[in-house]
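Q: One structure follows; several queries about it will come next.
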Amino acid sequence: MWGAKTEMLLVIEIRHLLWMIYLFLGILTLLFIFILSLVVLKKKAARNASRRNGSLDEIIDAAIFDEALEIEKFEKDEEIQRLLKTEPSRQQLIDKMLHARKNLSGISCDNIRTVYNILQLEVDSLTKLKQKKWHIKAKGIHELSIMDQRKHVLKIYRLINDKNELVRSEAQCALVKFYGFKGLRFLNITNYAVSNFQQIQLLNMLKGTQVTRPGLFDQLLQSANKSVVTFAIKLANYYHAFHLQDKVMPFLGNPTLEIQLQAVRFFTKFPSDAAMDDMMVHYQTGEKEFRLAILNSLKENGGDLHLSFLMHQLHDEDNMIKLAAAKALAAVHPEGSAAFTGLHSSGIYPWTEIFHQVKNELAA
Amino acid sequence: MKILVAEDELMTLKTIETRLRRDGFEVISTVDGREALSQIELSCPDLIITDVMMPFASGLEIVEAVKKRSGKKIPVIILSSLGQENVVLEAFELGADDYITKPFSPNELSVRVKRFLPVMAG
C-alpha cells in the first residue's frame with residue numbers, strides 16, 4: 001500500500017518535472033529568438049546610423065571644402081531631402097555644423113551657415129525656442145547664435161528676461177556675439193541679477209571688440225540693478241575708460257560692497273587724487289573687505305601723504321588689516337618697513353610673522 | 001609626400017585629413033602624442049601638424065623629439081587655441097616652424113603646408 005502510493009507520487013512528480021522542462025525550454029527558445037532579433041535590429045540600426053552619418057559628413061565636407069558652393073545641389077538633391085525628413089537626422093546635422101563652425105574660420109565657416117539656411121535648419125532651432133523645457137530652449141538659442149542668425153534677434157531678445165538663468169544667459173551671450181559691445185544694451189532692461197559667472201562670460205566674449213556706443217556706460221552706471229552697475233564698472237576698467245573717473249567716484253560710498261570693491265579696483269588702475277581722498281573718507285565706515293581693497297590700492301598708488309594713515313592702521317585690531325597696511329607701507333616708502341620693525345623686535349604676535357612675510361615679498 | 005597629423009579631436013582631425021588628401025598629400029593620422037611619436041619613427045613623415053594638448057604626450061614634446069632627432073629635417077606646424085600665446089612662444093623656442101590658431105581656415109592650413117614643399121622635397 002505504502003509502496004504503490006510512493007510510486008504514484010513519483011510518477012506525478014516526473015510528469016510535472018517534464019512539463020517544467022518543456023516550459024523552461026520554451027521560455028529559453030523565446031528568449032533566444034528575442035535576443036537574436038534585438039541584435040539583428042541593433043546591427044541594422046547601427047548600419048543605418050553609420051550610413052546616415054556618412055551622408056551627413058558628405059554634406060559638411062561639401063560645405064567646408066567647396067569654395068563655390070552649389071546651392072542647387074543642396075536644394076534639389078533628393079538624397080539630402082530624404083535624409084533630412086527625420087528629426088534626429090536634422091539634429092545630427094545641426095550638431096555637426098555647430099561643431100564645425102566652432103572649429104573653423106574663413107569661407108568654410110560662412111559656407112556652413114549658408115547650408116544651414118538653405119536646408120532650413122533654422123526652423124528646427126526656432127522651434128526649440130517655443131519649447132517649455134529650459135535646456136531645449138537654451139540649445140535653440142545656442143544654435144541660432146553659433147550660426148549667426150541675426151535675423152532672428154527679436155525672438156532671442158524676448159528671452160533675456162526668461163525665468164531660467166541658463167536660457168537668459170544664452171540669450172544675452174547671443175546678443176553680444178551678434179553685435180559686440182552694442183549687444184550689451186540688453187543690460188538696460190534686464191530684471192534679474194547678472195551673475196558673476198555670466199559677467200566673466202560676457203567679458204570673454206567682448207575680447208577684441210571696440211566701444212561702439214560710449215553712451216551705454218552712463219546708462220549702465222545709472223541702472224537700478226546692482227549687478228549691472230558692478231558690471232558697468234568692470235566694463236569701464238576693461239575698456240580703459242578712465243574718462244569715467246568722475247562718474248565712478250560716487251560708487252566708493254555705495255551701500256553695496258561688490259560695487260564699492262569694483263570702484264576701488266577701477267581707481268587702483270586709473271588713480272586720481274580726488275578718488276584717493278574719497279577712499280580715505282569711506283574707509284572708516286567700510287566693511288573689512290573694502291578696507292583691505294583700499295589698502296591694496298594704496299600699495300599700488302600710495303605716496304608720502306598716506307604714510308601717517310597707514311601707520312595708524314598698523315594698530316588695527318584685525319591682523320589682516322595690519323598685514324595689508326604693513327605691505328602698503330613697505331611699498332610706498334623705502335623706509336616704510338622701519339615703522340613695524342620695532343614691533344617685530346618686541347616679539348608680540350603677529351609682528352614677527354608679518355615682518356617675515358613682507359620681507360620675503362619684497363625680496364621676491 | 002607624407003604628412004603626419006596628430007590631433008585628439010576627431011572632427012578637426014577629419015577636416016585636416018580631408019583637406020590635405022584633396023591637396024594630394026598622403027596623410028597619417030594619430031589621435032594621441034605617444035602614437036604620433038612612434039609614427040615619426042615608423043613612417044618618417046615629411047611634415048608634422050600637431051595639436052598642443054593631447055593625451056600621453058603634448059605637441060611640445062613632439063616638437064622637442066623631432067628637433068632632437070638626427071637625420072632628415074622635418075618641419076612642424078603647431079595647432080594651438082586662441083589665447084595660448086605662451087605655448088606658441090615655447091613651441092618656437094623648441095624649434096617649431098609655424099603655427100595655426102584654432103578656429104582655423106582649411107584654406108589657410110593648405111597654404112601654410114604648401115610653403116614647406118621645398119623643405120619637404122629635401
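By convention here, the chains of the C-alpha cells are called A, B, ... in the order presented, each chain's residues are numbered starting at 1, and ligands are numbered starting at 1 in the order presented.
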Tell me, counting only C-alpha atoms, for each residue of chain A within 6 Å of chain B, which pair of atoms is nearest and how far apart they are in Å to one decimal, in rows ordered by chain and increasing number, as CSV.
A:
residue,atom,partner,partner_atom,distance
A:Asn103,CA,B:Pro103,CA,4.3
A:Leu104,CA,B:Pro103,CA,4.5
A:Ser105,CA,B:Ser105,CA,4.7
A:Gly106,CA,B:Ser105,CA,5.3
Q: Taking the chain letters and numbering used in this document, name the residues of stretch 173-319 of chain A that DSSP puts in helix (DSSP H, G or I), as JSON, numbers by chain.
A: {"A": [173, 174, 175, 176, 177, 178, 179, 180, 181, 182, 183, 184, 185, 186, 187, 188, 196, 197, 198, 199, 200, 201, 202, 203, 204, 205, 215, 216, 217, 218, 219, 220, 221, 226, 227, 228, 229, 230, 231, 232, 233, 234, 235, 236, 237, 238, 242, 243, 244, 245, 246, 247, 248, 249, 250, 251, 252, 253, 257, 258, 259, 260, 261, 262, 263, 264, 265, 266, 267, 268, 269, 273, 274, 275, 276, 277, 278, 279, 280, 281, 282, 283, 288, 289, 290, 291, 292, 293, 294, 295, 296, 297, 298, 299, 300, 301, 304, 305, 306, 307, 308, 309, 310, 311, 312, 313, 319]}
Q: For B:Ile49, which residue among B:Arg34, B:Lys68, B:Arg112, B:Arg21 is the nearest when counting only C-alpha atoms?
A: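 Closest residue, counting only C-alpha atoms: B:Arg112.
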Q: Could you pull the residues within 12 Å of B:Val76, counting only C-alpha atoms, minus those fewer than 4 positions along the same chain, as a PyMOL selection string?
A: chain B and resi 3-6+40+45-52+59-67+91-92+94-100+112-113+116+119-120
Q: Any idea what the distance is between atom CA of A:Asp95 and atom CA of B:Val27?
A: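 According to the coordinates, atom CA of A:Asp95 and atom CA of B:Val27 are separated by 26.3 Å.
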Q: List the spatial neighbours of stretch 48-64 of chain A as number ranges by chain - criterion: any atom at most 9 Å away, only C-alpha atoms, same-chain residues fewer than 6 positions off excluded.
A: A: 70, 74, 79-80, 83, 89, 92-93, 96-97, 100, 104, 107-115; B: 15, 18, 106
Q: Take the residues just selected and output them with N, CA and C atoms as a PDB file, in the first residue's frame.
A:
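So the final result, stored in again_28.pdb, reads:
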ATOM      1  N   GLU A  70      27.577  74.976 -54.385  1.00  0.00           N
ATOM      2  CA  GLU A  70      26.484  74.745 -55.348  1.00  0.00           C
ATOM      3  C   GLU A  70      25.171  74.694 -54.568  1.00  0.00           C
ATOM      4  N   PHE A  74      22.139  71.426 -52.865  1.00  0.00           N
ATOM      5  CA  PHE A  74      21.541  71.206 -51.548  1.00  0.00           C
ATOM      6  C   PHE A  74      20.018  71.336 -51.582  1.00  0.00           C
ATOM      7  N   GLU A  79      18.487  62.818 -52.330  1.00  0.00           N
ATOM      8  CA  GLU A  79      19.112  62.038 -51.253  1.00  0.00           C
ATOM      9  C   GLU A  79      19.172  62.885 -49.967  1.00  0.00           C
ATOM     10  N   ILE A  80      19.585  64.147 -50.148  1.00  0.00           N
ATOM     11  CA  ILE A  80      19.676  65.038 -48.976  1.00  0.00           C
ATOM     12  C   ILE A  80      18.285  65.303 -48.402  1.00  0.00           C
ATOM     13  N   LEU A  83      17.045  62.308 -46.594  1.00  0.00           N
ATOM     14  CA  LEU A  83      17.809  62.132 -45.361  1.00  0.00           C
ATOM     15  C   LEU A  83      17.324  63.072 -44.255  1.00  0.00           C
ATOM     16  N   SER A  89      17.884  63.031 -37.772  1.00  0.00           N
ATOM     17  CA  SER A  89      18.916  63.299 -38.790  1.00  0.00           C
ATOM     18  C   SER A  89      19.215  64.787 -38.856  1.00  0.00           C
ATOM     19  N   GLN A  92      21.202  65.772 -35.900  1.00  0.00           N
ATOM     20  CA  GLN A  92      22.583  65.289 -36.008  1.00  0.00           C
ATOM     21  C   GLN A  92      23.392  66.220 -36.926  1.00  0.00           C
ATOM     22  N   LEU A  93      22.741  66.662 -38.011  1.00  0.00           N
ATOM     23  CA  LEU A  93      23.421  67.564 -38.944  1.00  0.00           C
ATOM     24  C   LEU A  93      23.690  68.922 -38.274  1.00  0.00           C
ATOM     25  N   LYS A  96      26.646  68.609 -35.987  1.00  0.00           N
ATOM     26  CA  LYS A  96      27.905  68.563 -36.742  1.00  0.00           C
ATOM     27  C   LYS A  96      28.283  69.960 -37.240  1.00  0.00           C
ATOM     28  N   MET A  97      27.248  70.699 -37.681  1.00  0.00           N
ATOM     29  CA  MET A  97      27.509  72.049 -38.189  1.00  0.00           C
ATOM     30  C   MET A  97      28.003  72.972 -37.079  1.00  0.00           C
ATOM     31  N   ALA A 100      31.582  72.216 -36.399  1.00  0.00           N
ATOM     32  CA  ALA A 100      32.458  72.725 -37.466  1.00  0.00           C
ATOM     33  C   ALA A 100      32.588  74.244 -37.374  1.00  0.00           C
ATOM     34  N   LEU A 104      36.207  76.094 -37.132  1.00  0.00           N
ATOM     35  CA  LEU A 104      36.730  76.603 -38.404  1.00  0.00           C
ATOM     36  C   LEU A 104      36.514  78.100 -38.537  1.00  0.00           C
ATOM     37  N   ILE A 107      36.075  81.066 -45.270  1.00  0.00           N
ATOM     38  CA  ILE A 107      34.986  80.739 -46.204  1.00  0.00           C
ATOM     39  C   ILE A 107      34.227  79.489 -45.752  1.00  0.00           C
ATOM     40  N   SER A 108      34.957  78.499 -45.268  1.00  0.00           N
ATOM     41  CA  SER A 108      34.316  77.245 -44.833  1.00  0.00           C
ATOM     42  C   SER A 108      33.244  77.529 -43.787  1.00  0.00           C
ATOM     43  N   CYS A 109      33.586  78.431 -42.875  1.00  0.00           N
ATOM     44  CA  CYS A 109      32.675  78.772 -41.787  1.00  0.00           C
ATOM     45  C   CYS A 109      31.411  79.450 -42.344  1.00  0.00           C
ATOM     46  N   ASP A 110      31.622  80.357 -43.301  1.00  0.00           N
ATOM     47  CA  ASP A 110      30.477  81.047 -43.923  1.00  0.00           C
ATOM     48  C   ASP A 110      29.611  80.060 -44.701  1.00  0.00           C
ATOM     49  N   ASN A 111      30.288  79.136 -45.391  1.00  0.00           N
ATOM     50  CA  ASN A 111      29.547  78.143 -46.183  1.00  0.00           C
ATOM     51  C   ASN A 111      28.639  77.277 -45.309  1.00  0.00           C
ATOM     52  N   ILE A 112      29.116  76.946 -44.134  1.00  0.00           N
ATOM     53  CA  ILE A 112      28.302  76.104 -43.241  1.00  0.00           C
ATOM     54  C   ILE A 112      27.019  76.839 -42.866  1.00  0.00           C
ATOM     55  N   ARG A 113      27.167  78.138 -42.599  1.00  0.00           N
ATOM     56  CA  ARG A 113      25.970  78.937 -42.269  1.00  0.00           C
ATOM     57  C   ARG A 113      25.010  78.978 -43.460  1.00  0.00           C
ATOM     58  N   THR A 114      25.576  79.115 -44.672  1.00  0.00           N
ATOM     59  CA  THR A 114      24.732  79.167 -45.869  1.00  0.00           C
ATOM     60  C   THR A 114      23.950  77.863 -46.021  1.00  0.00           C
ATOM     61  N   VAL A 115      24.654  76.743 -45.848  1.00  0.00           N
ATOM     62  CA  VAL A 115      23.979  75.439 -45.995  1.00  0.00           C
ATOM     63  C   VAL A 115      22.904  75.270 -44.917  1.00  0.00           C
TER      64      VAL A 115
ATOM     65  N   THR B  15      38.751  66.933 -40.730  1.00  0.00           N
ATOM     66  CA  THR B  15      38.782  68.101 -41.630  1.00  0.00           C
ATOM     67  C   THR B  15      40.186  68.307 -42.202  1.00  0.00           C
ATOM     68  N   THR B  18      41.008  65.477 -44.707  1.00  0.00           N
ATOM     69  CA  THR B  18      40.323  65.628 -45.995  1.00  0.00           C
ATOM     70  C   THR B  18      40.973  66.726 -46.828  1.00  0.00           C
ATOM     71  N   PRO B 106      40.598  75.956 -43.326  1.00  0.00           N
ATOM     72  CA  PRO B 106      41.269  74.871 -44.043  1.00  0.00           C
ATOM     73  C   PRO B 106      42.109  75.391 -45.211  1.00  0.00           C
TER      74      PRO B 106
END
Q: Calculate how many Å separate atom CA of A:Ala263 from atom CA of A:Leu203, rounding to one decimal.
A: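 Atom-to-atom, atom CA of A:Ala263 and atom CA of A:Leu203 are spaced 17.2 Å apart.
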Q: Between A:Glu353, A:Glu317, A:Asp304, A:Glu289, which residue has the minimum interatomic distance to A:Val332, considering only C-alpha atoms?
A: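 Of A:Glu353, A:Glu317, A:Asp304, A:Glu289, the one nearest A:Val332, counting only C-alpha atoms, is A:Asp304.
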Q: May I ask for the distance between atom CA of A:Ala138 and atom CA of A:Glu170, given in Å to one decimal place?
A: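 Value for the atom CA of A:Ala138-atom CA of A:Glu170 distance: 6.1 Å.
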Q: Considering only C-alpha atoms, return as a PyMOL selection string whatever protein or nucleic-acid residues lie within 9 Å of stretch 172-188 of chain A, sequence-local ones (same chain, fewer than 2 positions apart) excluded.
A: chain A and resi 141-142+144-146+148-150+153+156-157+159-160+167-170+190-191+194+198+201-202+205-206+209-213+216+219-220+223+225+228
